[in-house]
Amino acid sequence: MKFLTKMIKMIGFGFFYLKEVVVSNLRVAADIVTSQHLMKPEILEVDVSNLTPRQVFVASNLITMTPGTLSLDVVDDTLFIHSMYCVDKVADADALVKNYVNRVRDVF
């Protein structure tokens with residue numbers, strides 16, 4: 001039963017990540033082809049204290065492979081991420097925790 005639950009979570013994560021990559025690509029492409037730049041770059045601090053080193057590695061690489069975000073460094077239990085489209089530092093960091101960190105913890 002545990003294996004089946006894990007597989008369902010992995011499939012769900014795959015679809016979530018595919019959607020994130022497509023939406024991020026469209027956002028970056030739209031910013032490139034329009035004359036008005038919507039970029040608001042910011043460095044975000046994401047707490048990864050509840051992840052194993054392997055999970056931190058996976059989460060940081062997934063974040064880096066999503067257009068518009070780049071993992072910079074891990075210091076202690078904090079992952080520093082450069083975001084091209086930051087609206088609110090706290091809300092964006094919370095969204096990364098909810099969408100990536102928690103999902104990576106559940107799947108990996």
# chains A, B, ... in the order shown; residues from 1 in each chain; ligands from 1
>>> residues_around(residues="segment 87-92 of chain A", least_positions_apart="5", cutoff="8 Å", atoms="only C-alpha atoms", output="ChimeraX atom specification")
/A:40,42-44
>>> residues_around(residues="Thr52 of chain A", least_positions_apart="3", cutoff="12 Å", atoms="only C-alpha atoms", output="ChimeraX atom specification")
/A:48-49,55-59,77,101-102,104-106,108
>>> select_by_dssp(residues="segment 2-57 of chain A", states="strand (DSSP E)", output="PyMOL selection string")
chain A and resi 42-47
>>> atom_distance(atom1="atom CA of Glu45 of chain A", atom2="atom CA of Lys9 of chain A")
25.9 Å
>>> closest_residue(among="A:Arg54, A:Phe3, A:Asp76, A:Tyr85", to="Asp31 of chain A", atoms="only C-alpha atoms")
A:Tyr85
>>> atom_distance(atom1="atom CA of Val75 of chain A", atom2="atom CA of Val28 of chain A")
28.1 Å
>>> residues_around(residues="Leu70 of chain A", least_positions_apart="2", cutoff="7 Å", atoms="only C-alpha atoms", output="list of chain:residue names")
A:Ile63, A:Thr64, A:Gly68, A:Leu72, A:Ile81, A:His82, A:Ser83
>>> write_last_selection(atoms="N, CA and C atoms", output="PDB file, in the first residue's frame")
ATOM      1  N   ILE A  63      14.264  23.436  -8.812  1.00  0.00           N
ATOM      2  CA  ILE A  63      14.026  24.885  -8.821  1.00  0.00           C
ATOM      3  C   ILE A  63      14.891  25.547  -9.886  1.00  0.00           C
ATOM      4  N   THR A  64      16.149  25.130  -9.996  1.00  0.00           N
ATOM      5  CA  THR A  64      17.045  25.706 -10.998  1.00  0.00           C
ATOM      6  C   THR A  64      16.583  25.389 -12.418  1.00  0.00           C
ATOM      7  N   GLY A  68      13.252  31.119 -14.722  1.00  0.00           N
ATOM      8  CA  GLY A  68      12.904  32.251 -13.867  1.00  0.00           C
ATOM      9  C   GLY A  68      13.401  32.109 -12.444  1.00  0.00           C
ATOM     10  N   LEU A  72      21.016  29.355  -5.648  1.00  0.00           N
ATOM     11  CA  LEU A  72      22.339  29.958  -5.524  1.00  0.00           C
ATOM     12  C   LEU A  72      23.242  29.210  -4.559  1.00  0.00           C
ATOM     13  N   ILE A  81      17.620  31.409  -3.269  1.00  0.00           N
ATOM     14  CA  ILE A  81      17.117  31.281  -4.634  1.00  0.00           C
ATOM     15  C   ILE A  81      16.963  32.657  -5.255  1.00  0.00           C
ATOM     16  N   HIS A  82      17.473  32.812  -6.478  1.00  0.00           N
ATOM     17  CA  HIS A  82      17.250  34.044  -7.237  1.00  0.00           C
ATOM     18  C   HIS A  82      15.975  33.856  -8.040  1.00  0.00           C
ATOM     19  N   SER A  83      15.024  34.758  -7.845  1.00  0.00           N
ATOM     20  CA  SER A  83      13.762  34.711  -8.580  1.00  0.00           C
ATOM     21  C   SER A  83      13.669  35.939  -9.470  1.00  0.00           C
TER      22      SER A  83
END
>>> residues_around(residues="Phe13 of chain A", least_positions_apart="3", cutoff="8 Å", atoms="only C-alpha atoms", output="ChimeraX atom specification")
/A:9-10,16-17,103,107
>>> closest_residue(among="A:Leu79, A:Lys98, A:Asp73, A:Leu62", to="Val21 of chain A", atoms="only C-alpha atoms")
A:Leu62
>>> select_by_dssp(residues="chain A", states="alpha helix (DSSP H)", output="PyMOL selection string")
chain A and resi 2-33+53-65+89-96+102-107
>>> atom_distance(atom1="atom CA of Val97 of chain A", atom2="atom CA of Asn50 of chain A")
10.6 Å
>>> closest_residue(among="A:Val74, A:Met7, A:Arg27, A:Val22", to="Val46 of chain A", atoms="only C-alpha atoms")
A:Val74
